[in-house]
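The structure appears below as structure tokens.
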Amino acid sequence: MDEDMRASLLSKYYDEVHATMLCYQSHTLGLFPRGKTQHARVRDNVYCASALWCLSMAYRHVGYDKGRTYELEQSAVKCMRGLLFCYMRQAEKVEKFKSTQNWEDALHAKFDYMTGDPVTNDDSWGHLQIDGTSLFLQILAQMTATGVQVVFTLDEVDFVQNLVYYVERAYRIPDFGMWERGSRDNVGKRELHSSSIGMAKAALEAMNGLNLFGESGSSLSVIHVDPDAQYRNCVILNTLLPKESNSKEVDAALLLITGYPAFAIDDANLSKATELRVKKLLEGNSGFKRFMRDGHYTIKEDKRKTFYDAHEVTQFEGIECEYPLFYGYLVLTELCRGHRDKAEGYWKKLEACVVETNGYTIIPRLYYVPEEELAEDETGTLVSIATSKDYNYKMVPFSETVPFLWAQAIYLMAKMLKDNLIDVSDCDPLGLHLPHTARHRGMARHLGFRAPGHDTVIQVALISETTRLQAVLATHGIPTQTQKQVEPIKIRSPADILMKVFSHIGENRKLGLSGRPNRPIGALATSKVYRVFGHTMIFYPTDSMVDFYLSFDGTFLIDVLKTTLQFLNLYWNMNSRPTLCLFLTESRLKGPGFYSFVNFLSLLKQGEVNGIKVRLDRLQALISTSCVENLECSQLDNSLEQKLLSPLRPRSSTARLSVVAATGTEEGNDDVFSLNEDNPSALEQEEVKESEPAFSPSDIKGYSVKELQRALQKEENLLGQAYLLYELMKKGEEYASGVPIREKLEDIYAVAGIRKHWMTLRYVSSILSKVVDCLAPSVTNMLSRGKEVTIGVFGYPEHIISEPLSPKELEEIIFKNCIPYDPIEAVLQQETIIFLGDFISSDYHNAVFDGMLRLRIGWIIQAMKNELSKMQRDQVLHELAPHEVKELVIQVLKDEDENRTPLNKRQLEGALNRVPPDFYSKVYTILDKAQGGISVRGKTIPKLPTVQELSATEKNFAIRVEEFLSNITMPEYRQMVVEMLMVISTIFERNPELQFGDCLNLDDLIQDAFTLRHQDELQQGEEVKTSQEENDKSFAVSDTNYVCHKTNSFYHLRPEGPRGSTSYMAKAAVNRLLKEGVHYDSRTCTIS
């Protein structure tokens, strides 16, 4: 195309933009309204700004532009700054939301387009839309990368930094999504949305290391992104896909993260599968449905209501509106990918949907099914005239006087790219559409993310606390350095320095912003080298076990270190290498784990740990290949500056024994476990065994305060002392022998830690209400992977956690649901949660959670107790070291023991709440064929409206089934119920015409199966009980009143075989069908 043709074509675009977009831009803030309202939506305006910016980029390619490049560019800048102005007026909301993540504290997503004032209340509309704010950040970064300056002042830089903090935890924030309605049924319920997480991921990638002042800026105007938050968004996104949310199996919003503008999915196969699924299920003749059963703008929707009534969405099935703008997105996506032929196909589909107004092409907001395509039934309700599911309605475009500017902007950008007026690099200068390896840092970029999964070499530096520890390790061939030897590089705790420095990044007193929230620093962030106010600093990984008994287990800590190496190898997402600093202290190496730790350090020296490449070297030699980040902020308090300069001092052993920065002894306290220069082997100490106290807590409940005080003076057993002190606390006493009780308990805790008395440690930790720091992230790990978590002692009430909670909220739930029934479980459940969170995050272990929707912590602990009993160990669970408990957890989850009895297998599977593949969809089929619903243990799940409002593969239905089964209180009986449901499902699969006419009572069916087995035994003259059954009597008897002890043997039956449990269950189900009289399903009853 020659320059004259280009100029002529651009002139037509310029006129079109003025006629269809710029004429609606407000003269005050530069915002655009939606339709006839005066409401400016964030998304609409960002896309309008993008279209104007792209046209200005097109004018950059011509010689004489008549000043239009600047005009269009400034129109785009004014729009973006208008949004920034509206956002900054809500700075107090950003500050509040960073700590609460409460939807009522969210930024408003629409404003008055002339004044920027709010147009709705905080709680009257779904303002929490992570994708919208993320889109703003992404396009801001794209425009900045081309030299367009949108941000003018450091105040604005600070605010944008806080917007990054606002969206970086998208992986754990349920929001209202792109369509502003939340869940599919539009009842005001928020959900985790894949599209929101994907948009946040793209925004963080775009903003990371970007200088908002461009090449003219200093380090003060650089945006910082937490790499660990970015990793979590990436992992959780891949976990949720190809689904959009719990209620929406598929959503057209996913097209915006599989392609333009986000290109957020690193896994090409997953991206392709997600996109194909959207096209298959949502594409129509006039565009894409937003999602199934979407009632927005349909004839049947009551426009007066913000939210729908329960079950209302069923009436919208088959008449959902179709949106042509998604063809525009697909044109942009395919052109960015270089697939011009595919783009042409979607362009033709888009052109078939346009309308002409005043000589210009307008993209209708949507196409809808008109009233004439529907008919009234006998009640006057509009119903479909469709004769089959494949019926094609005649759809008409939605008519409005003001164009739908979101769609218009997408259309114009797609047309410009198709006509070669702009290049892909003009609309995506940051290269988000390219693989990470092909992206470049670009203008004003200091850092950039890359896709994890490369063959990473992990650099390790060993730092000894003292020269004598250095000498001892040298005798074992382990080279280390001291703090003095690495100067001027400074080694610090992330909690002491890095978290505090980040709390000043983005801090702005004028705006009332505090900077980064007080969140733990992850392993990715602590594996970078930092330049902090002129100092080169390196931080050892965050110690999440500060002041928690897990830190006393050296073997467990070595395992955590190996896990950290594995994590960095799999998920390092930055250029250059990670550098792991291990700060070794004398107290860390004391005890029976000394030589194990030395062996681990030897593996590091050899250059490979479990197949992971490691480079162990002097810290100075590692800096040149490390990832280095500059941290600078305009505000720094004097105390923080002093900490930067002061040497690192280890903390008290009662407060800290960590993975990499274990504690030292109290100053002046030279106990018998201290390191001796002449006797290095003193580091290796035997565990001090201790017997159980002569009494239990129940034995001393009736003691008076004086009796307890006297008993305490005589008691030498640590656990016995703890029992007595706790009883005194419950009686309101604060002192014992003139010393505060809590202080005495802390002393017991410290001594028990040195002696490795795990039951005492757990008991005292519970009394002192100790909480491990990484508890909330561990729960979030499980929730964000589609699980629910319940807290509570087995056999007692449970609390269901279905969305992320703050550490304080988790602490209250755990202690409220555990302390009254079994105090030790308050910390044992925390321990189990940590292990489960680690396993579910690991690529090596996450498969063991298949079939487990609800992780019931108390039930899993019960499974571990049963496993110990089966193993005939002479220890109880509370006495095991944490690393032994962790091994037991994975042993129970993997279930690789082929010698389990059928009863033991049922106890285990029932306790884990694990179900077979496709179990929930099979239950859906049964429910659809049970006219009166399904009941068990007095709880019923009704057929209607369940099958109307939920689909078979929807997660919300699976949750409904788990709630239905929650009344069952014994694991083996729960498993029997699951087996019975699978048997009934098989019967229906082979006989699809059958159905139950009444309520399907599972208790009755299982009782019938038990009775059939008992009759069979009597006929065969068999003994009902075996010695094995006698031993398992406590587990074999069901909690229901329907099962008596005479039918214990049923639990011992293997499922398979002519006399297996499946056979009796099938007979019971068939007998019940015959007894009721065979009912036929007219939908599937055919003659062939």
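Just so we're on the same page: first chain in the structure tokens is A, next is B, and so on; residues restart at 1 for each chain, and ligands are numbered from 1 in the order they show up.
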
Non-local contacts of stretch 324-337 of chain A (10 Å; only C-alpha atoms; under 6 positions in same chain excluded) as a PyMOL selection string:
chain A and resi 252-253+255-256+258-263+283-290+343-354+363-367+397+404+406-418+423-425+427-428+431-434

Those same residues, written as a tab-separated table (two decimals), in the first residue's frame with C-alpha atoms?
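Saved result, again-v2.tsv, follows:
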```tsv
chain	number	residue	atom	x	y	z
A	252	ALA	CA	-17.30	-16.39	26.07
A	253	ALA	CA	-15.15	-14.26	28.41
A	255	LEU	CA	-11.84	-15.94	24.56
A	256	LEU	CA	-10.22	-12.79	25.98
A	258	THR	CA	-6.99	-17.51	25.23
A	259	GLY	CA	-6.37	-14.70	22.72
A	260	TYR	CA	-6.52	-10.92	22.44
A	261	PRO	CA	-5.99	-8.92	24.61
A	262	ALA	CA	-4.51	-11.08	27.38
A	263	PHE	CA	-2.99	-14.18	25.74
A	283	GLU	CA	-21.19	-19.87	18.97
A	284	GLY	CA	-24.42	-19.10	17.17
A	285	ASN	CA	-25.36	-17.51	13.86
A	286	SER	CA	-25.09	-13.92	15.09
A	287	GLY	CA	-22.21	-14.11	17.56
A	288	PHE	CA	-21.50	-15.90	20.81
A	289	LYS	CA	-23.72	-16.48	23.81
A	290	ARG	CA	-22.07	-15.12	26.95
A	343	ALA	CA	-9.17	-14.19	10.59
A	344	GLU	CA	-10.89	-13.69	7.23
A	345	GLY	CA	-13.45	-16.34	8.14
A	346	TYR	CA	-14.38	-14.58	11.37
A	347	TRP	CA	-14.37	-11.21	9.62
A	348	LYS	CA	-17.03	-12.45	7.20
A	349	LYS	CA	-19.13	-13.62	10.15
A	350	LEU	CA	-18.72	-10.22	11.81
A	351	GLU	CA	-19.68	-8.33	8.65
A	352	ALA	CA	-22.82	-10.44	8.36
A	353	CYS	CA	-23.92	-9.05	11.74
A	354	VAL	CA	-23.32	-5.31	11.18
A	363	ILE	CA	-21.83	-3.36	15.51
A	364	PRO	CA	-25.05	-4.15	17.41
A	365	ARG	CA	-24.63	-4.81	21.08
A	366	LEU	CA	-26.41	-8.16	20.73
A	367	TYR	CA	-28.95	-10.21	18.80
A	397	PRO	CA	-30.31	-6.95	16.41
A	404	PHE	CA	-22.31	0.00	21.80
A	406	TRP	CA	-17.10	-1.54	23.40
A	407	ALA	CA	-18.04	-3.53	20.30
A	408	GLN	CA	-17.36	-0.56	18.04
A	409	ALA	CA	-13.82	-0.21	19.39
A	410	ILE	CA	-13.04	-3.90	18.90
A	411	TYR	CA	-14.41	-3.72	15.36
A	412	LEU	CA	-12.23	-0.72	14.46
A	413	MET	CA	-9.06	-2.30	15.86
A	414	ALA	CA	-9.73	-5.57	14.04
A	415	LYS	CA	-10.39	-3.68	10.80
A	416	MET	CA	-7.20	-1.60	11.10
A	417	LEU	CA	-5.08	-4.71	11.72
A	418	LYS	CA	-6.80	-6.56	8.86
A	423	ASP	CA	1.15	-4.03	12.85
A	424	VAL	CA	0.65	-6.54	15.62
A	425	SER	CA	3.50	-4.80	17.43
A	427	CYS	CA	-1.51	-3.03	19.30
A	428	ASP	CA	0.62	-5.41	21.42
A	431	GLY	CA	4.46	-9.01	22.87
A	432	LEU	CA	1.94	-10.76	25.11
A	433	HIS	CA	0.85	-12.78	22.06
A	434	LEU	CA	4.36	-14.18	21.71
```

Could I get the residues of stretch 823-884 of chain A with an atom no further than 7 Å from an atom of stretch 545-569 of chain A, each paired with its nearest atom pair and that distance in Å to one decimal, using only C-alpha atoms, sorted by chain and residue number, as CSV?
```
residue,atom,partner,partner_atom,distance
A:Ala881,CA,A:Asp553,CA,6.9
A:Pro882,CA,A:Leu550,CA,6.2
A:His883,CA,A:Phe556,CA,4.7
```

All heavy atoms of the current selection, written as a short mmCIF file (atom, residue, chain, number, x, y, z; two decimals), in the first residue's frame:
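The result, stored in part33.cif:
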```
data_model
loop_
_atom_site.label_atom_id
_atom_site.label_comp_id
_atom_site.auth_asym_id
_atom_site.auth_seq_id
_atom_site.Cartn_x
_atom_site.Cartn_y
_atom_site.Cartn_z
N ALA A 881 6.70 -37.55 65.19
CA ALA A 881 7.36 -36.33 64.73
C ALA A 881 6.63 -35.80 63.51
O ALA A 881 5.99 -36.57 62.77
CB ALA A 881 8.82 -36.64 64.38
N PRO A 882 6.68 -34.49 63.26
CA PRO A 882 5.96 -33.92 62.11
C PRO A 882 6.30 -34.60 60.78
O PRO A 882 5.40 -34.83 59.96
CB PRO A 882 6.39 -32.45 62.12
CG PRO A 882 6.64 -32.15 63.56
CD PRO A 882 7.24 -33.43 64.12
N HIS A 883 7.57 -34.94 60.57
CA HIS A 883 7.90 -35.58 59.28
C HIS A 883 7.27 -36.96 59.18
O HIS A 883 6.94 -37.42 58.08
CB HIS A 883 9.42 -35.65 59.09
CG HIS A 883 10.11 -36.71 59.90
ND1 HIS A 883 10.58 -36.46 61.18
CD2 HIS A 883 10.42 -38.01 59.63
CE1 HIS A 883 11.15 -37.57 61.65
NE2 HIS A 883 11.07 -38.52 60.74
#
```

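The space separating atom CA of A:Gln620 from atom CA of A:Ile489 comes to 8.1 Å.
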
Give the answer as one residue: which of A:Ala273, A:Ile984, A:Lys300, A:Ala106 has the shortest atom-to-atom distance to A:Ala375, using only C-alpha atoms?
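Ranking A:Ala273, A:Ile984, A:Lys300, A:Ala106 by distance to A:Ala375, first place goes to A:Lys300.
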
Give one line per residue of stretch 447-552 of chain A that approaches stretch 146-155 of chain A to at most 10 Å, naming the two atoms of the closest pair and their distance in Å to one decimal, counting only C-alpha atoms; sort by chain then ascending residue number and deliver it as a tab-separated table.
```
residue	atom	partner	partner_atom	distance
A:Gly506	CA	A:Asp155	CA	8.7
A:Glu507	CA	A:Asp155	CA	9.2
A:Asn508	CA	A:Asp155	CA	6.9
A:Arg509	CA	A:Asp155	CA	9.5
A:Lys510	CA	A:Asp155	CA	8.1
A:Leu511	CA	A:Asp155	CA	7.8
```

So what do you get for atom CA of A:Leu140 versus atom CA of A:Ile257, distance-wise?
17.4 Å

Residues of stretch 365-527 of chain A in strand (DSSP E) according to DSSP, as a JSON list (two decimals) with all heavy atoms, in the first residue's frame?
```json
[["chain", "number", "residue", "atom", "x", "y", "z"],
["A", 367, "TYR", "N", -27.78, -9.72, 19.53],
["A", 367, "TYR", "CA", -28.95, -10.21, 18.80],
["A", 367, "TYR", "C", -29.79, -11.00, 19.80],
["A", 367, "TYR", "O", -29.25, -11.77, 20.61],
["A", 367, "TYR", "CB", -28.53, -11.11, 17.64],
["A", 367, "TYR", "CG", -28.15, -10.35, 16.39],
["A", 367, "TYR", "CD1", -26.93, -9.67, 16.30],
["A", 367, "TYR", "CD2", -29.01, -10.31, 15.29],
["A", 367, "TYR", "CE1", -26.58, -8.98, 15.14],
["A", 367, "TYR", "CE2", -28.67, -9.62, 14.12],
["A", 367, "TYR", "CZ", -27.45, -8.95, 14.07],
["A", 367, "TYR", "OH", -27.12, -8.27, 12.93],
["A", 368, "TYR", "N", -31.11, -10.82, 19.74],
["A", 368, "TYR", "CA", -32.00, -11.49, 20.69],
["A", 368, "TYR", "C", -33.14, -12.19, 19.97],
["A", 368, "TYR", "O", -33.44, -11.91, 18.81],
["A", 368, "TYR", "CB", -32.55, -10.48, 21.71],
["A", 368, "TYR", "CG", -33.49, -9.46, 21.14],
["A", 368, "TYR", "CD1", -34.88, -9.64, 21.20],
["A", 368, "TYR", "CD2", -33.01, -8.31, 20.51],
["A", 368, "TYR", "CE1", -35.75, -8.71, 20.67],
["A", 368, "TYR", "CE2", -33.87, -7.37, 19.98],
["A", 368, "TYR", "CZ", -35.24, -7.57, 20.07],
["A", 368, "TYR", "OH", -36.12, -6.64, 19.53],
["A", 374, "LEU", "N", -41.73, -16.74, 20.30],
["A", 374, "LEU", "CA", -42.21, -17.40, 21.52],
["A", 374, "LEU", "C", -43.73, -17.41, 21.52],
["A", 374, "LEU", "O", -44.36, -16.64, 20.79],
["A", 374, "LEU", "CB", -41.68, -16.69, 22.77],
["A", 374, "LEU", "CG", -40.16, -16.54, 22.88],
["A", 374, "LEU", "CD1", -39.80, -15.70, 24.08],
["A", 374, "LEU", "CD2", -39.49, -17.90, 22.98],
["A", 375, "ALA", "N", -44.32, -18.25, 22.35],
["A", 375, "ALA", "CA", -45.77, -18.33, 22.44],
["A", 375, "ALA", "C", -46.19, -18.39, 23.90],
["A", 375, "ALA", "O", -45.39, -18.77, 24.76],
["A", 375, "ALA", "CB", -46.28, -19.56, 21.68],
["A", 376, "GLU", "N", -47.43, -18.01, 24.18],
["A", 376, "GLU", "CA", -47.93, -18.05, 25.54],
["A", 376, "GLU", "C", -48.54, -19.42, 25.83],
["A", 376, "GLU", "O", -49.26, -19.97, 25.00],
["A", 376, "GLU", "CB", -48.99, -16.97, 25.77],
["A", 376, "GLU", "CG", -48.42, -15.56, 25.81],
["A", 376, "GLU", "CD", -49.47, -14.55, 26.23],
["A", 376, "GLU", "OE1", -50.63, -14.97, 26.47],
["A", 376, "GLU", "OE2", -49.14, -13.36, 26.32],
["A", 382, "LEU", "N", -44.57, -16.85, 28.51],
["A", 382, "LEU", "CA", -43.94, -17.05, 27.21],
["A", 382, "LEU", "C", -43.10, -18.31, 27.23],
["A", 382, "LEU", "O", -42.27, -18.50, 28.11],
["A", 382, "LEU", "CB", -43.05, -15.85, 26.86],
["A", 382, "LEU", "CG", -43.77, -14.56, 26.46],
["A", 382, "LEU", "CD1", -42.77, -13.43, 26.30],
["A", 382, "LEU", "CD2", -44.57, -14.74, 25.18],
["A", 383, "VAL", "N", -43.33, -19.19, 26.26],
["A", 383, "VAL", "CA", -42.56, -20.42, 26.15],
["A", 383, "VAL", "C", -42.04, -20.55, 24.73],
["A", 383, "VAL", "O", -42.52, -19.92, 23.80],
["A", 383, "VAL", "CB", -43.42, -21.66, 26.52],
["A", 383, "VAL", "CG1", -43.83, -21.61, 27.97],
["A", 383, "VAL", "CG2", -44.63, -21.77, 25.60],
["A", 384, "SER", "N", -41.04, -21.40, 24.58],
["A", 384, "SER", "CA", -40.41, -21.59, 23.28],
["A", 384, "SER", "C", -41.33, -22.33, 22.32],
["A", 384, "SER", "O", -42.10, -23.20, 22.72],
["A", 384, "SER", "CB", -39.11, -22.38, 23.44],
["A", 384, "SER", "OG", -38.59, -22.75, 22.20],
["A", 396, "VAL", "N", -32.91, -10.99, 16.05],
["A", 396, "VAL", "CA", -32.88, -9.62, 15.51],
["A", 396, "VAL", "C", -31.90, -8.80, 16.33],
["A", 396, "VAL", "O", -31.68, -9.05, 17.51],
["A", 396, "VAL", "CB", -34.28, -8.98, 15.55],
["A", 396, "VAL", "CG1", -35.23, -9.74, 14.64],
["A", 396, "VAL", "CG2", -34.82, -8.93, 16.97],
["A", 397, "PRO", "N", -31.29, -7.77, 15.69],
["A", 397, "PRO", "CA", -30.31, -6.95, 16.41],
["A", 397, "PRO", "C", -30.99, -6.03, 17.41],
["A", 397, "PRO", "O", -32.10, -5.54, 17.17],
["A", 397, "PRO", "CB", -29.62, -6.16, 15.30],
["A", 397, "PRO", "CG", -30.62, -6.10, 14.20],
["A", 397, "PRO", "CD", -31.39, -7.39, 14.26],
["A", 458, "ILE", "N", 19.75, -23.84, 40.07],
["A", 458, "ILE", "CA", 19.52, -23.08, 41.31],
["A", 458, "ILE", "C", 20.86, -22.81, 41.99],
["A", 458, "ILE", "O", 21.62, -23.74, 42.28],
["A", 458, "ILE", "CB", 18.58, -23.85, 42.25],
["A", 458, "ILE", "CG1", 17.25, -24.10, 41.54],
["A", 458, "ILE", "CG2", 18.37, -23.09, 43.55],
["A", 458, "ILE", "CD1", 16.33, -25.04, 42.26],
["A", 459, "GLN", "N", 21.14, -21.55, 42.22],
["A", 459, "GLN", "CA", 22.38, -21.15, 42.88],
["A", 459, "GLN", "C", 22.16, -21.13, 44.40],
["A", 459, "GLN", "O", 21.14, -20.64, 44.87],
["A", 459, "GLN", "CB", 22.81, -19.77, 42.39],
["A", 459, "GLN", "CG", 22.98, -19.72, 40.89],
["A", 459, "GLN", "CD", 23.47, -18.37, 40.39],
["A", 459, "GLN", "OE1", 24.17, -18.32, 39.39],
["A", 459, "GLN", "NE2", 23.12, -17.30, 41.05],
["A", 460, "VAL", "N", 23.12, -21.68, 45.12],
["A", 460, "VAL", "CA", 22.99, -21.77, 46.58],
["A", 460, "VAL", "C", 24.24, -21.21, 47.24],
["A", 460, "VAL", "O", 25.37, -21.55, 46.86],
["A", 460, "VAL", "CB", 22.78, -23.23, 47.03],
["A", 460, "VAL", "CG1", 22.66, -23.30, 48.55],
["A", 460, "VAL", "CG2", 21.55, -23.83, 46.37],
["A", 461, "ALA", "N", 24.03, -20.36, 48.23],
["A", 461, "ALA", "CA", 25.13, -19.83, 49.05],
["A", 461, "ALA", "C", 24.87, -20.24, 50.50],
["A", 461, "ALA", "O", 23.76, -20.07, 51.00],
["A", 461, "ALA", "CB", 25.20, -18.31, 48.93],
["A", 462, "LEU", "N", 25.89, -20.81, 51.14],
["A", 462, "LEU", "CA", 25.79, -21.23, 52.55],
["A", 462, "LEU", "C", 26.48, -20.21, 53.43],
["A", 462, "LEU", "O", 27.68, -19.93, 53.25],
["A", 462, "LEU", "CB", 26.41, -22.61, 52.73],
["A", 462, "LEU", "CG", 25.83, -23.76, 51.90],
["A", 462, "LEU", "CD1", 26.59, -25.06, 52.20],
["A", 462, "LEU", "CD2", 24.35, -23.93, 52.17],
["A", 463, "ILE", "N", 25.76, -19.69, 54.39],
["A", 463, "ILE", "CA", 26.30, -18.68, 55.29],
["A", 463, "ILE", "C", 26.24, -19.22, 56.71],
["A", 463, "ILE", "O", 25.18, -19.58, 57.21],
["A", 463, "ILE", "CB", 25.50, -17.36, 55.21],
["A", 463, "ILE", "CG1", 25.34, -16.92, 53.76],
["A", 463, "ILE", "CG2", 26.18, -16.28, 56.05],
["A", 463, "ILE", "CD1", 26.63, -16.65, 53.04],
["A", 464, "SER", "N", 27.41, -19.28, 57.38],
["A", 464, "SER", "CA", 27.48, -19.76, 58.76],
["A", 464, "SER", "C", 27.27, -18.61, 59.73],
["A", 464, "SER", "O", 27.76, -17.50, 59.52],
["A", 464, "SER", "CB", 28.84, -20.42, 59.04],
["A", 464, "SER", "OG", 28.94, -21.65, 58.38],
["A", 481, "GLN", "N", 30.49, -19.47, 54.18],
["A", 481, "GLN", "CA", 31.03, -18.13, 54.44],
["A", 481, "GLN", "C", 30.34, -17.55, 55.66],
["A", 481, "GLN", "O", 29.24, -17.97, 56.02],
["A", 481, "GLN", "CB", 30.80, -17.21, 53.23],
["A", 481, "GLN", "CG", 31.52, -17.60, 51.97],
["A", 481, "GLN", "CD", 31.11, -16.72, 50.80],
["A", 481, "GLN", "OE1", 30.09, -16.96, 50.17],
["A", 481, "GLN", "NE2", 31.91, -15.69, 50.52],
["A", 482, "THR", "N", 30.99, -16.60, 56.28],
["A", 482, "THR", "CA", 30.36, -15.86, 57.37],
["A", 482, "THR", "C", 29.84, -14.54, 56.82],
["A", 482, "THR", "O", 30.15, -14.15, 55.69],
["A", 482, "THR", "CB", 31.36, -15.58, 58.50],
["A", 482, "THR", "OG1", 32.42, -14.77, 58.01],
["A", 482, "THR", "CG2", 31.92, -16.88, 59.06],
["A", 490, "LYS", "N", 24.78, -7.75, 52.08],
["A", 490, "LYS", "CA", 24.15, -7.92, 53.38],
["A", 490, "LYS", "C", 23.09, -9.03, 53.29],
["A", 490, "LYS", "O", 22.35, -9.12, 52.31],
["A", 490, "LYS", "CB", 23.50, -6.62, 53.84],
["A", 490, "LYS", "CG", 24.51, -5.48, 53.99],
["A", 490, "LYS", "CD", 23.86, -4.22, 54.51],
["A", 490, "LYS", "CE", 24.87, -3.08, 54.59],
["A", 490, "LYS", "NZ", 26.01, -3.40, 55.47],
["A", 491, "ILE", "N", 23.05, -9.87, 54.34],
["A", 491, "ILE", "CA", 22.09, -10.97, 54.42],
["A", 491, "ILE", "C", 21.07, -10.62, 55.49],
["A", 491, "ILE", "O", 21.44, -10.30, 56.63],
["A", 491, "ILE", "CB", 22.80, -12.29, 54.77],
["A", 491, "ILE", "CG1", 23.85, -12.60, 53.70],
["A", 491, "ILE", "CG2", 21.81, -13.43, 54.88],
["A", 491, "ILE", "CD1", 24.86, -13.62, 54.13],
["A", 492, "ARG", "N", 19.81, -10.68, 55.14],
["A", 492, "ARG", "CA", 18.78, -10.25, 56.07],
["A", 492, "ARG", "C", 17.56, -11.17, 56.02],
["A", 492, "ARG", "O", 17.36, -11.94, 55.09],
["A", 492, "ARG", "CB", 18.33, -8.82, 55.74],
["A", 492, "ARG", "CG", 19.40, -7.76, 55.94],
["A", 492, "ARG", "CD", 19.72, -7.57, 57.41],
["A", 492, "ARG", "NE", 20.69, -6.52, 57.63],
["A", 492, "ARG", "CZ", 21.99, -6.70, 57.65],
["A", 492, "ARG", "NH1", 22.50, -7.92, 57.47],
["A", 492, "ARG", "NH2", 22.81, -5.69, 57.88],
["A", 507, "GLU", "N", 3.67, 3.62, 48.95],
["A", 507, "GLU", "CA", 3.12, 4.37, 50.08],
["A", 507, "GLU", "C", 2.96, 5.84, 49.69],
["A", 507, "GLU", "O", 3.85, 6.43, 49.07],
["A", 507, "GLU", "CB", 4.07, 4.26, 51.28],
["A", 507, "GLU", "CG", 3.56, 4.98, 52.52],
["A", 507, "GLU", "CD", 4.55, 4.90, 53.68],
["A", 507, "GLU", "OE1", 5.73, 4.58, 53.43],
["A", 507, "GLU", "OE2", 4.13, 5.15, 54.82],
["A", 508, "ASN", "N", 1.82, 6.40, 50.05],
["A", 508, "ASN", "CA", 1.56, 7.80, 49.73],
["A", 508, "ASN", "C", 0.64, 8.38, 50.78],
["A", 508, "ASN", "O", -0.54, 8.01, 50.84],
["A", 508, "ASN", "CB", 0.95, 7.92, 48.32],
["A", 508, "ASN", "CG", 0.88, 9.34, 47.85],
["A", 508, "ASN", "OD1", 0.15, 10.16, 48.39],
["A", 508, "ASN", "ND2", 1.64, 9.65, 46.79],
["A", 513, "LEU", "N", -2.42, 5.86, 51.25],
["A", 513, "LEU", "CA", -2.04, 4.52, 50.83],
["A", 513, "LEU", "C", -0.80, 4.06, 51.58],
["A", 513, "LEU", "O", 0.15, 4.85, 51.78],
["A", 513, "LEU", "CB", -1.77, 4.50, 49.32],
["A", 513, "LEU", "CG", -2.97, 4.85, 48.43],
["A", 513, "LEU", "CD1", -2.54, 4.98, 46.98],
["A", 513, "LEU", "CD2", -4.07, 3.80, 48.57],
["A", 514, "SER", "N", -0.78, 2.79, 51.97],
["A", 514, "SER", "CA", 0.29, 2.27, 52.82],
["A", 514, "SER", "C", 1.33, 1.44, 52.08],
["A", 514, "SER", "O", 2.29, 1.00, 52.66],
["A", 514, "SER", "CB", -0.31, 1.41, 53.94],
["A", 514, "SER", "OG", -0.99, 0.30, 53.38]]
```

With a distance cut-off of 12 Å and only C-alpha atoms, select the neighbouring residues of A:Gln875, excluding the residue or stretch itself and same-chain residues fewer than 4 positions from it, and output the selection as a PyMOL selection string.
chain A and resi 691-692+758-759+865+867-871+879-881+884-885

Applying 9 Å and only C-alpha atoms, which residues near stretch 56-70 of chain A remain after dropping the ones on its own chain fewer than 2 positions away? List them as a PyMOL selection string.
chain A and resi 3-4+6-7+10+14+51-54+72-76+146+416+421-423+426-427

Keeping C-alpha atoms, export the residues of the selection given above as a CSV table (one decimal), in the first residue's frame.
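File out-v1.csv, as written:
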```csv
chain,number,residue,atom,x,y,z
A,3,GLU,CA,1.5,6.3,1.2
A,4,ASP,CA,-1.3,8.2,-0.6
A,6,ARG,CA,-2.7,4.7,3.3
A,7,ALA,CA,-3.4,8.4,4.0
A,10,LEU,CA,-6.8,6.6,7.3
A,14,TYR,CA,-10.6,9.2,11.2
A,51,ALA,CA,-9.0,2.0,19.5
A,52,LEU,CA,-8.0,5.7,19.5
A,53,TRP,CA,-4.4,4.8,20.5
A,54,CYS,CA,-4.2,2.2,17.7
A,72,LEU,CA,-6.0,10.9,18.7
A,73,GLU,CA,-3.2,10.0,21.1
A,74,GLN,CA,-4.3,12.7,23.5
A,75,SER,CA,-7.9,11.7,23.2
A,76,ALA,CA,-6.8,8.2,24.3
A,146,THR,CA,5.0,2.9,22.9
A,416,MET,CA,-7.2,-1.6,11.1
A,421,LEU,CA,-2.8,0.0,8.8
A,422,ILE,CA,-1.2,-1.2,12.0
A,423,ASP,CA,1.1,-4.0,12.8
A,426,ASP,CA,1.4,-1.6,17.4
A,427,CYS,CA,-1.5,-3.0,19.3
```
